[in-house]
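Shown here: structure_9.txt, compact mmCIF, C-alpha atoms.
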```txt
# COMPACT_ATOMS: atom_id res chain seq x y z
CA THR A 1 -38.50 -22.04 -85.49
CA MET A 2 -40.14 -19.17 -83.72
CA ARG A 3 -41.85 -21.56 -81.33
CA LEU A 4 -38.55 -23.36 -80.61
CA THR A 5 -36.82 -20.09 -79.83
CA ILE A 6 -39.61 -19.06 -77.45
CA LEU A 7 -39.48 -22.48 -75.70
CA ILE A 8 -35.69 -22.28 -75.17
CA SER A 9 -36.01 -18.74 -73.77
CA CYS A 10 -38.63 -19.89 -71.25
CA LEU A 11 -36.48 -22.81 -70.11
CA LEU A 12 -33.44 -20.55 -69.57
CA ALA A 13 -35.52 -18.05 -67.58
CA SER A 14 -36.84 -20.88 -65.33
CA ALA A 15 -33.33 -22.22 -64.69
CA SER A 16 -31.97 -18.81 -63.73
CA ALA A 17 -34.77 -18.42 -61.21
CA PHE A 18 -33.40 -21.38 -59.19
CA THR A 19 -29.73 -20.28 -59.38
CA LYS A 20 -28.19 -18.59 -56.32
CA PRO A 21 -27.20 -15.05 -57.28
CA GLN A 22 -23.44 -14.34 -57.22
CA LEU A 23 -22.44 -10.81 -56.18
CA SER A 24 -18.92 -9.80 -57.14
CA GLY A 25 -16.73 -7.96 -54.61
CA VAL A 26 -18.79 -9.08 -51.59
CA ARG A 27 -17.08 -11.08 -48.78
CA ASN A 28 -18.65 -13.37 -46.24
CA ILE A 29 -19.62 -11.11 -43.36
CA GLN A 30 -20.62 -12.51 -39.96
CA SER A 31 -24.19 -11.84 -39.02
CA PRO A 32 -24.69 -8.73 -36.90
CA ALA A 33 -26.84 -10.81 -34.58
CA VAL A 34 -23.86 -13.09 -33.84
CA ASN A 35 -21.60 -10.11 -33.14
CA ASN A 36 -24.24 -8.59 -30.88
CA ARG A 37 -24.63 -11.91 -29.08
CA ASN A 38 -20.87 -12.07 -28.42
CA ARG A 39 -20.90 -8.51 -27.14
CA ILE A 40 -23.82 -9.31 -24.87
CA VAL A 41 -21.98 -12.35 -23.41
CA VAL A 42 -18.80 -10.35 -22.71
CA SER A 43 -20.78 -7.45 -21.30
CA SER A 44 -22.80 -9.81 -19.10
CA SER A 45 -19.61 -11.42 -17.77
CA ASN A 46 -18.10 -8.04 -16.92
CA GLU A 47 -21.31 -6.95 -15.25
CA ASN A 48 -21.36 -10.13 -13.16
CA GLU A 49 -17.77 -9.54 -12.03
CA ALA A 50 -18.61 -5.95 -11.16
CA ALA A 51 -21.69 -7.06 -9.25
CA LEU A 52 -19.72 -9.64 -7.27
CA GLY A 53 -17.12 -7.00 -6.45
CA GLU A 54 -19.58 -4.45 -5.12
CA LYS A 55 -19.21 -3.82 -1.41
CA MET A 56 -22.18 -3.95 0.90
CA ASN A 57 -21.62 -3.05 4.55
CA GLY A 58 -17.87 -3.41 4.06
CA TYR A 59 -17.86 -6.79 2.27
CA THR A 60 -18.29 -7.80 -1.34
CA VAL A 61 -21.03 -10.09 -2.62
CA LYS A 62 -18.36 -12.64 -3.54
CA GLN A 63 -17.04 -12.67 0.03
CA ARG A 64 -20.53 -13.14 1.44
CA LEU A 65 -21.21 -16.00 -0.97
CA ARG A 66 -17.98 -17.69 0.07
CA GLU A 67 -18.91 -17.33 3.74
CA GLU A 68 -22.25 -18.98 3.01
CA VAL A 69 -20.50 -21.84 1.19
CA GLU A 70 -18.15 -22.39 4.14
CA SER A 71 -21.02 -22.27 6.68
CA PRO A 72 -24.11 -23.39 4.75
CA PHE A 73 -26.34 -23.92 7.81
CA ARG A 74 -25.39 -20.81 9.76
CA LYS A 75 -28.30 -18.79 8.41
CA VAL A 76 -30.66 -21.67 9.15
CA ARG A 77 -29.43 -21.76 12.75
CA LEU A 78 -29.65 -17.98 12.99
CA ALA A 79 -33.26 -18.03 11.75
CA PHE A 80 -34.17 -20.83 14.16
CA PHE A 81 -32.56 -19.12 17.17
CA GLY A 82 -34.02 -15.74 16.21
CA ILE A 83 -37.56 -17.06 15.79
CA SER A 84 -37.27 -19.03 19.03
CA ALA A 85 -36.04 -15.96 20.91
CA PHE A 86 -38.95 -13.91 19.51
CA SER A 87 -41.43 -16.64 20.49
CA ALA A 88 -39.97 -16.79 24.01
CA LEU A 89 -40.22 -12.99 24.32
CA THR A 90 -43.85 -13.10 23.23
CA ALA A 91 -44.59 -15.82 25.77
CA LEU A 92 -42.69 -13.83 28.40
CA TYR A 93 -44.94 -10.83 27.77
CA PHE A 94 -48.13 -12.79 28.34
CA SER A 95 -46.75 -14.78 31.27
CA ALA A 96 -45.63 -11.51 32.90
CA LEU A 97 -49.20 -10.16 32.55
CA VAL A 98 -50.55 -13.33 34.16
CA ALA A 99 -48.05 -13.01 37.01
CA ILE A 100 -49.08 -9.39 37.58
CA LYS A 101 -52.76 -10.41 37.67
CA ALA A 102 -51.98 -13.25 40.07
CA ASN A 103 -50.08 -10.86 42.32
CA ILE A 104 -52.91 -8.31 42.31
CA GLY A 105 -55.58 -10.94 42.91
CA GLY A 106 -59.27 -10.85 42.16
CA TYR A 107 -58.96 -12.64 38.79
CA ALA A 108 -60.62 -16.02 38.54
CA ASP A 109 -58.96 -17.11 35.29
CA VAL A 110 -55.30 -16.88 36.40
CA PRO A 111 -53.10 -19.60 37.96
CA PRO A 112 -51.48 -19.24 41.37
CA LEU A 113 -48.61 -16.75 41.64
CA ASP A 114 -46.00 -19.50 42.10
CA GLU A 115 -46.96 -21.18 38.81
CA ALA A 116 -47.06 -17.84 37.01
CA LEU A 117 -43.56 -16.97 38.22
CA VAL A 118 -42.27 -20.35 37.04
CA GLN A 119 -43.63 -19.60 33.56
CA VAL A 120 -41.99 -16.17 33.65
CA ALA A 121 -38.65 -17.74 34.60
CA ILE A 122 -38.88 -20.38 31.84
CA ASN A 123 -39.76 -17.85 29.16
CA SER A 124 -37.05 -15.45 30.38
CA GLY A 125 -34.45 -18.20 30.21
CA GLY A 126 -35.61 -19.22 26.73
CA ALA A 127 -35.52 -15.65 25.42
CA LEU A 128 -32.07 -15.04 26.93
CA GLY A 129 -30.62 -18.38 25.79
CA PHE A 130 -31.90 -18.24 22.23
CA GLY A 131 -30.94 -14.57 22.01
CA LEU A 132 -27.36 -15.36 23.04
CA LEU A 133 -27.19 -18.21 20.53
CA ALA A 134 -28.45 -15.91 17.76
CA ALA A 135 -25.92 -13.25 18.74
CA ARG A 136 -23.16 -15.87 18.68
CA GLU A 137 -24.11 -16.91 15.14
CA ILE A 138 -23.97 -13.27 14.04
CA LYS A 139 -20.55 -12.85 15.68
CA VAL A 140 -19.20 -16.03 14.10
CA GLY A 141 -20.47 -14.96 10.68
CA GLN A 142 -18.87 -11.54 11.08
CA GLY A 143 -15.59 -13.17 12.07
CA ASN A 144 -15.71 -15.41 9.01
CA LEU A 145 -16.32 -12.41 6.77
CA GLU A 146 -13.37 -10.56 8.29
CA ARG A 147 -11.13 -13.59 7.81
CA ILE A 148 -12.23 -14.04 4.20
CA SER A 149 -11.83 -10.34 3.48
CA LYS A 150 -8.33 -10.29 4.96
CA GLY A 151 -7.42 -13.45 3.07
CA GLY A 152 -8.50 -11.78 -0.16
CA LEU A 153 -6.40 -8.73 0.66
CA LEU A 154 -3.42 -10.98 1.43
CA ALA A 155 -3.71 -12.58 -2.00
CA ARG A 156 -3.73 -9.15 -3.68
CA LEU A 157 -0.60 -7.84 -1.91
CA VAL A 158 2.09 -6.88 -4.42
CA VAL A 159 5.75 -7.84 -4.00
CA GLU A 160 8.90 -7.18 -5.96
CA PRO A 161 11.30 -10.15 -6.12
CA ALA A 162 14.83 -9.19 -5.04
CA ALA A 163 16.35 -10.92 -8.06
CA GLU A 164 17.34 -8.56 -10.85
CA GLU A 165 14.96 -8.02 -13.77
CA ALA A 166 12.14 -9.81 -11.96
CA SER A 167 8.66 -8.37 -12.49
CA LYS A 168 6.29 -7.54 -9.69
CA ARG A 169 3.87 -10.22 -8.59
CA THR A 170 1.03 -10.70 -6.15
CA LEU A 171 1.12 -13.19 -3.31
CA LYS A 172 -1.62 -15.08 -5.10
CA ASP A 173 0.97 -15.97 -7.75
CA TYR A 174 2.95 -17.88 -5.11
CA ARG A 175 0.13 -20.26 -4.22
CA ARG A 176 1.10 -23.89 -4.84
CA ILE A 177 4.65 -22.62 -5.46
CA SER A 178 6.02 -21.17 -2.23
CA ARG A 179 5.34 -20.74 1.45
CA VAL A 180 5.51 -17.03 2.23
CA ILE A 181 6.84 -15.60 5.50
CA VAL A 182 6.00 -11.95 6.15
CA ALA A 183 8.46 -10.50 8.70
CA ALA A 184 7.59 -6.97 9.86
CA GLY A 185 9.45 -4.81 12.34
CA GLY A 186 11.60 -1.74 12.89
CA ALA A 187 14.94 -0.86 11.32
CA GLU A 188 17.00 -2.92 13.77
CA TYR A 189 14.74 -5.93 13.31
CA ILE A 190 15.13 -5.75 9.51
CA ARG A 191 18.91 -5.42 9.94
CA SER A 192 19.02 -8.53 12.14
CA LEU A 193 16.89 -10.42 9.63
CA SER A 194 19.20 -9.36 6.82
CA MET A 195 22.29 -10.43 8.76
CA SER A 196 20.79 -13.83 9.58
CA LEU A 197 20.38 -14.59 5.89
CA CYS A 198 23.16 -12.64 4.16
CA SER A 199 26.19 -13.10 6.42
CA ASP A 200 28.18 -15.87 8.10
CA GLN A 201 27.36 -15.71 11.81
CA LEU A 202 28.69 -19.15 12.74
CA ALA A 203 32.00 -20.88 12.10
CA ASP A 204 30.91 -22.39 8.81
CA GLU A 205 29.29 -20.84 5.74
CA ASN A 206 25.69 -19.66 5.95
CA THR A 207 23.60 -21.97 3.78
CA LEU A 208 20.18 -20.86 5.00
CA PRO A 209 19.06 -19.23 1.72
CA ALA A 210 19.69 -22.41 -0.25
CA ALA A 211 18.00 -24.54 2.44
CA LEU A 212 14.95 -22.25 2.50
CA ALA A 213 14.74 -22.32 -1.29
CA GLY A 214 14.82 -26.11 -1.07
CA VAL A 215 11.62 -26.14 0.98
CA ASP A 216 9.95 -23.43 -1.13
CA VAL A 217 10.08 -20.63 1.44
CA MET A 218 9.85 -17.01 0.32
CA ILE A 219 10.48 -14.18 2.81
CA VAL A 220 8.98 -10.69 2.63
CA PRO A 221 10.68 -8.23 5.01
CA VAL A 222 8.43 -5.28 5.89
CA LEU A 223 9.98 -2.18 7.45
CA LEU A 224 7.88 -0.18 9.93
CA ASP A 225 8.69 3.35 11.04
CA GLU A 226 8.20 4.74 14.54
CA ASN A 227 4.50 5.27 13.85
CA PHE A 228 4.10 1.68 12.65
CA ASN A 229 3.64 2.77 9.05
CA VAL A 230 4.95 0.53 6.28
CA VAL A 231 7.85 2.27 4.51
CA GLU A 232 10.22 1.41 1.68
CA THR A 233 12.19 -1.71 2.69
CA LYS A 234 14.53 -2.48 -0.18
CA SER A 235 16.99 0.34 0.48
CA ALA A 236 17.15 -0.49 4.21
CA TRP A 237 17.85 -4.13 3.35
CA ARG A 238 20.58 -3.28 0.85
CA SER A 239 22.28 -0.74 3.13
CA ALA A 240 22.22 -2.84 6.32
CA THR A 241 25.43 -2.49 8.35
CA PRO A 242 27.02 -5.75 9.57
CA GLY A 243 28.10 -6.15 13.18
CA GLU A 244 31.18 -7.71 14.68
CA ASN A 245 29.85 -11.25 14.34
CA ASP A 246 28.53 -10.80 10.81
CA ARG A 247 31.19 -12.01 8.38
CA ASN A 248 31.12 -11.91 4.59
CA PHE A 249 27.94 -9.87 4.43
CA GLU A 250 26.45 -9.47 0.97
CA SER A 251 22.94 -8.03 0.70
CA THR A 252 22.19 -9.98 -2.51
CA ARG A 253 23.15 -13.30 -1.00
CA ALA A 254 19.58 -14.34 -0.22
CA ASP A 255 17.89 -12.74 -3.23
CA GLU A 256 16.47 -16.08 -4.38
CA VAL A 257 14.22 -16.23 -1.30
CA ILE A 258 13.53 -12.50 -0.75
CA CYS A 259 10.71 -10.29 -2.03
CA PHE A 260 10.20 -6.66 -1.08
CA PRO A 261 6.74 -5.17 -0.50
CA SER A 262 5.27 -2.91 -3.16
CA VAL A 263 2.11 -0.78 -3.21
CA LEU A 264 2.72 0.05 0.45
CA SER A 265 -0.81 1.32 1.11
CA MET A 266 -2.18 -2.20 0.63
CA TRP A 267 0.48 -3.62 2.94
CA GLN A 268 -0.40 -0.98 5.52
CA GLU A 269 -4.07 -1.93 5.35
CA TYR A 270 -3.29 -5.62 5.75
CA ILE A 271 -0.68 -5.53 8.51
CA ASP A 272 -2.29 -2.82 10.64
CA SER A 273 -4.61 -5.21 12.49
CA ASP A 274 -1.78 -7.66 13.24
CA VAL A 275 0.35 -4.85 14.65
CA LYS A 276 -2.50 -3.68 16.88
CA THR A 277 -3.16 -7.24 18.06
CA ALA A 278 0.51 -7.73 18.96
CA GLN A 279 0.59 -4.40 20.77
CA GLY A 280 -2.54 -5.32 22.69
CA GLN A 281 -0.79 -8.46 23.89
CA GLY A 282 2.16 -6.43 25.17
CA PHE A 283 4.72 -7.16 22.43
CA ASP A 284 7.25 -4.60 21.20
CA VAL A 285 6.54 -4.81 17.48
CA LEU A 286 9.38 -2.57 16.33
CA SER A 287 12.20 -4.34 18.17
CA LYS A 288 10.84 -7.90 18.37
CA GLY A 289 8.94 -7.88 15.09
CA ILE A 290 6.04 -10.09 13.99
CA THR A 291 5.98 -12.94 11.49
CA ILE A 292 3.06 -14.28 9.48
CA THR A 293 3.59 -17.67 7.86
CA VAL A 294 1.38 -18.39 4.85
CA LYS A 295 0.94 -21.95 3.62
CA LYS A 296 0.96 -22.97 -0.02
CA ASN A 297 -2.83 -23.05 -0.08
CA GLY A 298 -2.95 -19.37 0.91
CA ARG A 299 -4.09 -19.93 4.50
CA ILE A 300 -2.25 -18.64 7.55
CA LEU A 301 -0.16 -21.32 9.26
CA ARG A 302 0.77 -19.22 12.28
CA ARG A 303 1.46 -15.75 13.62
CA ALA A 304 4.38 -15.20 15.97
CA THR A 305 6.86 -12.61 17.23
CA GLY A 306 10.62 -12.43 16.85
CA LEU A 307 12.84 -13.51 13.99
CA PRO A 308 11.58 -16.48 11.97
CA PRO A 309 13.05 -19.78 13.29
CA PHE A 310 14.63 -20.67 9.96
CA GLY A 311 16.37 -23.79 11.27
CA ASP A 312 13.14 -25.29 12.56
CA MET A 313 11.31 -24.32 9.37
CA VAL A 314 13.78 -26.15 7.18
CA GLY A 315 13.38 -29.30 9.25
CA MET A 316 9.64 -29.32 9.93
CA MET A 317 7.96 -27.30 7.19
CA GLU A 318 7.14 -30.42 5.21
CA VAL A 319 5.36 -31.79 8.27
CA ALA A 320 3.47 -28.59 9.06
CA ASP A 321 2.61 -27.76 5.46
CA GLY A 322 3.80 -30.52 3.21
CA SER A 323 2.59 -32.80 0.47
CA LYS A 324 0.63 -34.94 2.92
CA PHE A 325 -1.03 -32.14 4.86
CA GLY A 326 -0.87 -28.65 3.39
CA MET A 327 -1.14 -28.88 -0.36
CA PRO A 328 -1.94 -32.11 -2.19
CA GLY A 329 -0.46 -32.80 -5.56
CA ASP A 330 3.22 -32.27 -4.67
CA SER A 331 4.03 -35.97 -4.31
CA GLU A 332 6.27 -35.96 -7.37
CA LYS A 333 8.52 -33.36 -5.76
CA TYR A 334 8.45 -34.40 -2.12
CA GLY A 335 7.49 -38.06 -2.33
CA GLY A 336 4.67 -39.72 -0.49
CA PRO A 337 1.37 -41.22 -1.66
```

I'd like the structure from this file rewritten - as structure tokens, please.
Amino acid sequence: TMRLTILISCLLASASAFTKPQLSGVRNIQSPAVNNRNRIVVSSSNENEAALGEKMNGYTVKQRLREEVESPFRKVRLAFFGISAFSALTALYFSALVAIKANIGGYADVPPLDEALVQVAINSGGALGFGLLAAREIKVGQGNLERISKGGLLARLVVEPAAEEASKRTLKDYRRISRVIVAAGGAEYIRSLSMSLCSDQLADENTLPAALAGVDVMIVPVLLDENFNVVETKSAWRSATPGENDRNFESTRADEVICFPSVLSMWQEYIDSDVKTAQGQGFDVLSKGITITVKKNGRILRRATGLPPFGDMVGMMEVADGSKFGMPGDSEKYGGP
């Protein structure tokens, strides 16, 4: 009996050794290594975004990468033209020494002066030509960076839809949805723009807002003061005074196609160069105004002066920036292949 009891005790001890211990009151907790790994991934993503957003000589890394994607062989051409210009300058140095020796005379190992001058002319032309080509590549690259940088700023511009209880949005939010027309000018220009959309100026009723909404056009009026600074526009739009030919004026009449600029400092930064360009071309920006038409894909369709030609836009916008040309994927709405 004693032996049997000892044998059973040994068997029970062996069985318990292979049983997984159960701890009461302990829940399944995720491994700290997994949590640390998740934190590392999120931290790495944030660090990458921050690195891409760092500015270097006025442009972010992301903008420079995009410029390289758009012009993948520009740096190759720049390197080729630069090396060729350097080689031509080196050859010019030695050919100039030979020409000087030929002119002085008394050297047996130099060619005649005429041949030496021909070599000098060839090397000078090569150095000048390749140098100009290299400079052109640098200028083109700089222009591309400026365009990309301004396009990024355009996408970040903040607007406030005129419709009540509408939240602020950026112009990037309107991509694939609307074509945006930025109309900037002085107080009288904004008043004329308001009258053209919010009053009956012809014999029949003004249906421009509905027609513009039908072709996905959104208008952003931008008021400039006498110093060409962007100022608050909404109050000027709402308080516009109708003239003799402006019947049934109602400032909210075109709210479905109107957005007002917000965060004016960003608008000032963006529109400043366009104002200076128009002034340099002799245009009166305050009275005539400038318009910037942005396609659905976020690119600039055109820049012009004066009030937007709304009638022409309603009729031809689908041709200039439609489902077949500007933004693919809208066939269900506009028809076409």

Å distance separating atom CA of A:Lys296 from atom CA of A:Thr60, one decimal place: 24.5 Å

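Among the candidates A:Arg191, A:Arg253, A:Lys139, A:Arg247, the one nearest to A:Ala162 when counting only C-alpha atoms is A:Arg253.
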
Near-A:Asn229 list (9 Å; only C-alpha atoms; drop same-chain fewer than 6 positions) as an NGL selection string: :A and (223 or 268 or 272)

Atom pair atom CA of A:Val294 / atom CA of A:Phe310: separation (Å):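 Distance reported for this atom pair: 14.4 Å.
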
Residue neighbourhood stretch 82-84 of chain A, 7 Å, only C-alpha atoms, exclusion window fewer than 6 positions, as a ChimeraX atom specification: /A:130-131,134

Non-local contacts of A:Lys150 (10 Å; only C-alpha atoms; under 4 positions in same chain excluded) as JSON, numbers by chain: {"A": [144, 145, 146, 154, 155, 156, 269, 270, 271, 273]}

Can you write just those residues out, C-alpha atoms, as a PDB file, keeping the file's coordinate frame?
```pdb
ATOM      1  CA  ASN A 144     -15.710 -15.410   9.010  1.00  0.00           C
ATOM      2  CA  LEU A 145     -16.320 -12.410   6.770  1.00  0.00           C
ATOM      3  CA  GLU A 146     -13.370 -10.560   8.290  1.00  0.00           C
ATOM      4  CA  LEU A 154      -3.420 -10.980   1.430  1.00  0.00           C
ATOM      5  CA  ALA A 155      -3.710 -12.580  -2.000  1.00  0.00           C
ATOM      6  CA  ARG A 156      -3.730  -9.150  -3.680  1.00  0.00           C
ATOM      7  CA  GLU A 269      -4.070  -1.930   5.350  1.00  0.00           C
ATOM      8  CA  TYR A 270      -3.290  -5.620   5.750  1.00  0.00           C
ATOM      9  CA  ILE A 271      -0.680  -5.530   8.510  1.00  0.00           C
ATOM     10  CA  SER A 273      -4.610  -5.210  12.490  1.00  0.00           C
TER      11      SER A 273
END
```

Selection near A:Ala183, 9 Å with only C-alpha atoms, sequence-local residues under 4 positions removed, as a PyMOL selection string: chain A and resi 190+193+219-223+289-293+305-308

Selection: 12 Å around A:Pro242, only C-alpha atoms, excl. self and same-chain fewer than 3 positions, as a PyMOL selection string: chain A and resi 188+190-201+237-239+245-251

Given the point (-18.5, -15.8, 4.1) in the file's coordinates, find the residues that have an atom at most 9 Å from it, counting only C-alpha atoms, and give them as a CSV table (one decimal) with C-alpha atoms, in the frame of the given file.
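The file below, point.csv, is the result:
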```
chain,number,residue,atom,x,y,z
A,62,LYS,CA,-18.4,-12.6,-3.5
A,63,GLN,CA,-17.0,-12.7,0.0
A,64,ARG,CA,-20.5,-13.1,1.4
A,65,LEU,CA,-21.2,-16.0,-1.0
A,66,ARG,CA,-18.0,-17.7,0.1
A,67,GLU,CA,-18.9,-17.3,3.7
A,68,GLU,CA,-22.2,-19.0,3.0
A,69,VAL,CA,-20.5,-21.8,1.2
A,70,GLU,CA,-18.2,-22.4,4.1
A,71,SER,CA,-21.0,-22.3,6.7
A,141,GLY,CA,-20.5,-15.0,10.7
A,142,GLN,CA,-18.9,-11.5,11.1
A,143,GLY,CA,-15.6,-13.2,12.1
A,144,ASN,CA,-15.7,-15.4,9.0
A,145,LEU,CA,-16.3,-12.4,6.8
A,146,GLU,CA,-13.4,-10.6,8.3
A,147,ARG,CA,-11.1,-13.6,7.8
A,148,ILE,CA,-12.2,-14.0,4.2
A,149,SER,CA,-11.8,-10.3,3.5
```

Pairwise distance for atom CA of A:Asp173 and atom CA of A:Arg303, rounded to one decimal in Å: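 For atom CA of A:Asp173 relative to atom CA of A:Arg303, the distance reads 21.4 Å.
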